[in-house]
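Source file: start.pdb. Holds: PDB, C-alpha atoms.
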ATOM      1  CA  MET A   1      33.393 113.470 156.453
ATOM      2  CA  GLN A   2      36.706 111.589 156.469
ATOM      3  CA  LYS A   3      36.837 108.278 158.344
ATOM      4  CA  LEU A   4      39.410 107.891 161.103
ATOM      5  CA  ASN A   5      41.104 104.788 159.660
ATOM      6  CA  ASP A   6      40.493 105.339 155.938
ATOM      7  CA  LEU A   7      43.059 103.059 154.260
ATOM      8  CA  SER A   8      41.732 103.760 150.758
ATOM      9  CA  ARG A   9      43.945 106.841 150.480
ATOM     10  CA  SER A  10      47.635 107.245 151.122
ATOM     11  CA  PRO A  11      48.607 109.844 153.746
ATOM     12  CA  SER A  12      51.428 111.009 151.467
ATOM     13  CA  PRO A  13      51.370 111.477 147.684
ATOM     14  CA  LEU A  14      53.124 108.930 145.468
ATOM     15  CA  ASP A  15      56.039 110.377 143.504
ATOM     16  CA  PRO A  16      56.131 108.242 140.324
ATOM     17  CA  ASP A  17      59.596 109.538 139.408
ATOM     18  CA  GLY A  18      61.148 108.448 142.682
ATOM     19  CA  THR A  19      59.200 105.411 143.846
ATOM     20  CA  LEU A  20      60.090 101.798 143.160
ATOM     21  CA  ILE A  21      56.946  99.656 143.049
ATOM     22  CA  ALA A  22      57.459  95.908 143.380
ATOM     23  CA  VAL A  23      54.874  93.133 143.228
ATOM     24  CA  ILE A  24      55.963  89.708 144.431
ATOM     25  CA  GLU A  25      54.027  86.500 143.812
ATOM     26  CA  LEU A  26      55.151  83.865 146.292
ATOM     27  CA  SER A  27      54.845  80.104 145.949
ATOM     28  CA  LEU A  28      56.634  77.213 147.587
ATOM     29  CA  SER A  29      58.797  76.540 144.523
ATOM     30  CA  SER A  30      59.540  79.994 143.062
ATOM     31  CA  TRP A  31      58.904  83.716 143.361
ATOM     32  CA  LEU A  32      57.836  86.001 140.529
ATOM     33  CA  VAL A  33      58.876  89.639 140.892
ATOM     34  CA  ALA A  34      57.433  92.418 138.745
ATOM     35  CA  GLY A  35      57.944  96.104 139.147
ATOM     36  CA  ILE A  36      57.718  99.666 138.009
ATOM     37  CA  VAL A  37      61.160 101.227 138.162
ATOM     38  CA  PRO A  38      61.584 105.008 137.737
ATOM     39  CA  GLY A  39      63.502 105.790 134.561
ATOM     40  CA  VAL A  40      62.913 102.363 132.999
ATOM     41  CA  GLU A  41      60.216 102.287 130.328
ATOM     42  CA  ARG A  42      59.662  98.531 130.284
ATOM     43  CA  GLN A  43      58.291  96.756 133.324
ATOM     44  CA  PRO A  44      60.849  94.181 134.507
ATOM     45  CA  LEU A  45      59.693  90.657 135.330
ATOM     46  CA  LYS A  46      61.993  88.151 137.032
ATOM     47  CA  LYS A  47      61.466  84.582 138.251
ATOM     48  CA  LEU A  48      63.560  83.672 141.278
ATOM     49  CA  ALA A  49      64.175  80.570 143.319
ATOM     50  CA  VAL A  50      62.863  80.807 146.885
ATOM     51  CA  ASP A  51      65.799  82.793 148.246
ATOM     52  CA  GLU A  52      65.470  85.857 150.469
ATOM     53  CA  SER A  53      68.968  87.143 149.726
ATOM     54  CA  ALA A  54      68.394  86.948 145.948
ATOM     55  CA  LEU A  55      65.139  88.902 146.341
ATOM     56  CA  LEU A  56      66.814  91.598 148.428
ATOM     57  CA  LYS A  57      69.707  91.793 145.950
ATOM     58  CA  LEU A  58      67.263  92.240 143.049
ATOM     59  CA  LEU A  59      65.332  94.987 144.878
ATOM     60  CA  HIS A  60      68.532  96.733 145.926
ATOM     61  CA  ARG A  61      69.824  96.677 142.349
ATOM     62  CA  ALA A  62      66.547  98.149 141.073
ATOM     63  CA  ARG A  63      66.695 100.858 143.700
TER      64      ARG A  63
END

Can the structure in the file be given as structure tokens, please?
Amino acid sequence: MQKLNDLSRSPSPLDPDGTLIAVIELSLSSWLVAGIVPGVERQPLKKLAVDESALLKLLHRAR
């Protein structure tokens, strides 16, 4: 029987060829951004200063 609020499964399937997956490690001095980008074999890793606009620019460029 399926639980009402079962968060262990996604309600929609993940399309690996069309989904950008980003992992962001936040600290007070810098942010580390890693990701899986469709069509890119290597997994990019970028260290950023604490700057929201730079993070959004990086994610937009990867998209």

- Item | Residues within 9 Å of Ile21 (chain A), all atoms listed in the file, excluding chain neighbours under 4 positions, as a count of residues only | 5

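Selection by the PyMOL selection byres ((chain A and resi 23) around 12) on the present file picks out Leu20, Ile21, Ala22, Ile24, Glu25, Leu26, Trp31, Leu32, Val33, Ala34, Gly35, Ile36, Val37, Gln43, Pro44, Leu45, Lys46, Lys47, Leu55 and Leu59 of chain A.
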
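Interatomic distance, CA of Glu52 (chain A) to CA of Asp15 (chain A): 27.2 Å.
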
- Message: Which residue is closest to Val40 (chain A)? Choose from A:Ser53, A:Leu28, A:Ala62, A:Asn5 and count only C-alpha atoms.
- Response: A:Ala62

- Item | Closest of A:Leu58, A:Asp6, A:Ser27, A:Asp17 to Glu41 (chain A) - atom-to-atom distances counting all atoms listed in the file |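 Residue with the minimum atom-to-atom distance to Glu41 (chain A): A:Asp17.
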
- Task: Calculate how many Å separate CA of Thr19 (chain A) from CA of Gly39 (chain A), rounding to one decimal.
- Result: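 Atom-to-atom, CA of Thr19 (chain A) to CA of Gly39 (chain A), that is 10.2 Å.
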
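Between CA of Gly18 (chain A) and CA of Asp51 (chain A) there is a distance of 26.7 Å.
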
Coordinates of box centre and edge lengths for region 46-50 of chain A, 3 Å on every side, axis-aligned, as JSON:
{"center_x": 62.8, "center_y": 84.4, "center_z": 142.0, "size_x": 8.7, "size_y": 13.6, "size_z": 15.9}

- Residue contacts of Ser29 (chain A) (10 Å, only C-alpha atoms) excluding same-chain residues fewer than 4 positions away, as a PyMOL selection string: chain A and resi 48-50

Write to file, as a CSV table (one decimal), in the coordinates of the input, the residues of the selection just made, with C-alpha atoms.
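Saved file part_24.csv follows:
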chain,number,residue,atom,x,y,z
A,48,LEU,CA,63.6,83.7,141.3
A,49,ALA,CA,64.2,80.6,143.3
A,50,VAL,CA,62.9,80.8,146.9

Can region 25-36 of chain A be brought up to all heavy atoms and written out as a compact mmCIF listing (two decimals), in the coordinates of the input?
# COMPACT_ATOMS: atom_id res chain seq x y z
N GLU A 25 54.92 87.66 143.71
CA GLU A 25 54.03 86.50 143.81
C GLU A 25 54.84 85.36 144.42
O GLU A 25 55.83 84.92 143.84
CB GLU A 25 53.50 86.12 142.43
CG GLU A 25 52.58 84.92 142.45
CD GLU A 25 52.12 84.55 141.05
OE1 GLU A 25 51.22 85.20 140.54
OE2 GLU A 25 52.71 83.61 140.49
N LEU A 26 54.41 84.89 145.57
CA LEU A 26 55.15 83.86 146.29
C LEU A 26 54.50 82.50 146.13
O LEU A 26 53.28 82.37 146.21
CB LEU A 26 55.19 84.21 147.78
CG LEU A 26 55.76 85.58 148.15
CD1 LEU A 26 55.54 85.84 149.62
CD2 LEU A 26 57.21 85.67 147.78
N SER A 27 55.31 81.49 145.91
CA SER A 27 54.84 80.10 145.95
C SER A 27 55.91 79.29 146.67
O SER A 27 56.97 79.82 147.01
CB SER A 27 54.59 79.56 144.54
OG SER A 27 55.80 79.27 143.89
N LEU A 28 55.66 78.05 146.89
CA LEU A 28 56.63 77.21 147.59
C LEU A 28 57.85 76.88 146.73
O LEU A 28 58.92 76.59 147.25
CB LEU A 28 55.96 75.92 148.07
CG LEU A 28 54.87 76.10 149.12
CD1 LEU A 28 54.23 74.76 149.43
CD2 LEU A 28 55.44 76.72 150.38
N SER A 29 57.70 76.94 145.40
CA SER A 29 58.80 76.54 144.52
C SER A 29 59.54 77.70 143.88
O SER A 29 60.70 77.57 143.52
CB SER A 29 58.28 75.61 143.43
OG SER A 29 57.29 76.28 142.66
N SER A 30 58.87 78.85 143.70
CA SER A 30 59.54 79.99 143.06
C SER A 30 58.82 81.28 143.41
O SER A 30 57.69 81.27 143.90
CB SER A 30 59.57 79.82 141.54
OG SER A 30 58.25 79.83 141.02
N TRP A 31 59.48 82.40 143.16
CA TRP A 31 58.90 83.72 143.36
C TRP A 31 58.97 84.47 142.04
O TRP A 31 59.97 84.42 141.33
CB TRP A 31 59.68 84.49 144.41
CG TRP A 31 59.58 83.91 145.80
CD1 TRP A 31 58.69 82.97 146.23
CD2 TRP A 31 60.40 84.22 146.92
NE1 TRP A 31 58.90 82.69 147.56
CE2 TRP A 31 59.94 83.44 148.00
CE3 TRP A 31 61.46 85.09 147.11
CZ2 TRP A 31 60.52 83.52 149.26
CZ3 TRP A 31 62.03 85.16 148.36
CH2 TRP A 31 61.56 84.37 149.43
N LEU A 32 57.90 85.19 141.73
CA LEU A 32 57.84 86.00 140.53
C LEU A 32 57.79 87.45 140.97
O LEU A 32 56.92 87.85 141.75
CB LEU A 32 56.59 85.64 139.71
CG LEU A 32 56.46 86.28 138.34
CD1 LEU A 32 57.62 85.87 137.44
CD2 LEU A 32 55.14 85.88 137.71
N VAL A 33 58.75 88.25 140.49
CA VAL A 33 58.88 89.64 140.89
C VAL A 33 58.65 90.52 139.67
O VAL A 33 59.32 90.37 138.66
CB VAL A 33 60.28 89.93 141.50
CG1 VAL A 33 60.36 91.37 141.98
CG2 VAL A 33 60.60 88.95 142.61
N ALA A 34 57.70 91.43 139.79
CA ALA A 34 57.43 92.42 138.74
C ALA A 34 57.56 93.79 139.38
O ALA A 34 57.44 93.93 140.60
CB ALA A 34 56.04 92.23 138.17
N GLY A 35 57.81 94.79 138.55
CA GLY A 35 57.94 96.10 139.15
C GLY A 35 57.83 97.24 138.17
O GLY A 35 57.86 97.06 136.95
N ILE A 36 57.65 98.41 138.75
CA ILE A 36 57.72 99.67 138.01
C ILE A 36 58.91 100.41 138.58
O ILE A 36 58.95 100.75 139.77
CB ILE A 36 56.43 100.48 138.18
CG1 ILE A 36 55.23 99.69 137.64
CG2 ILE A 36 56.55 101.82 137.48
CD1 ILE A 36 53.89 100.33 137.90
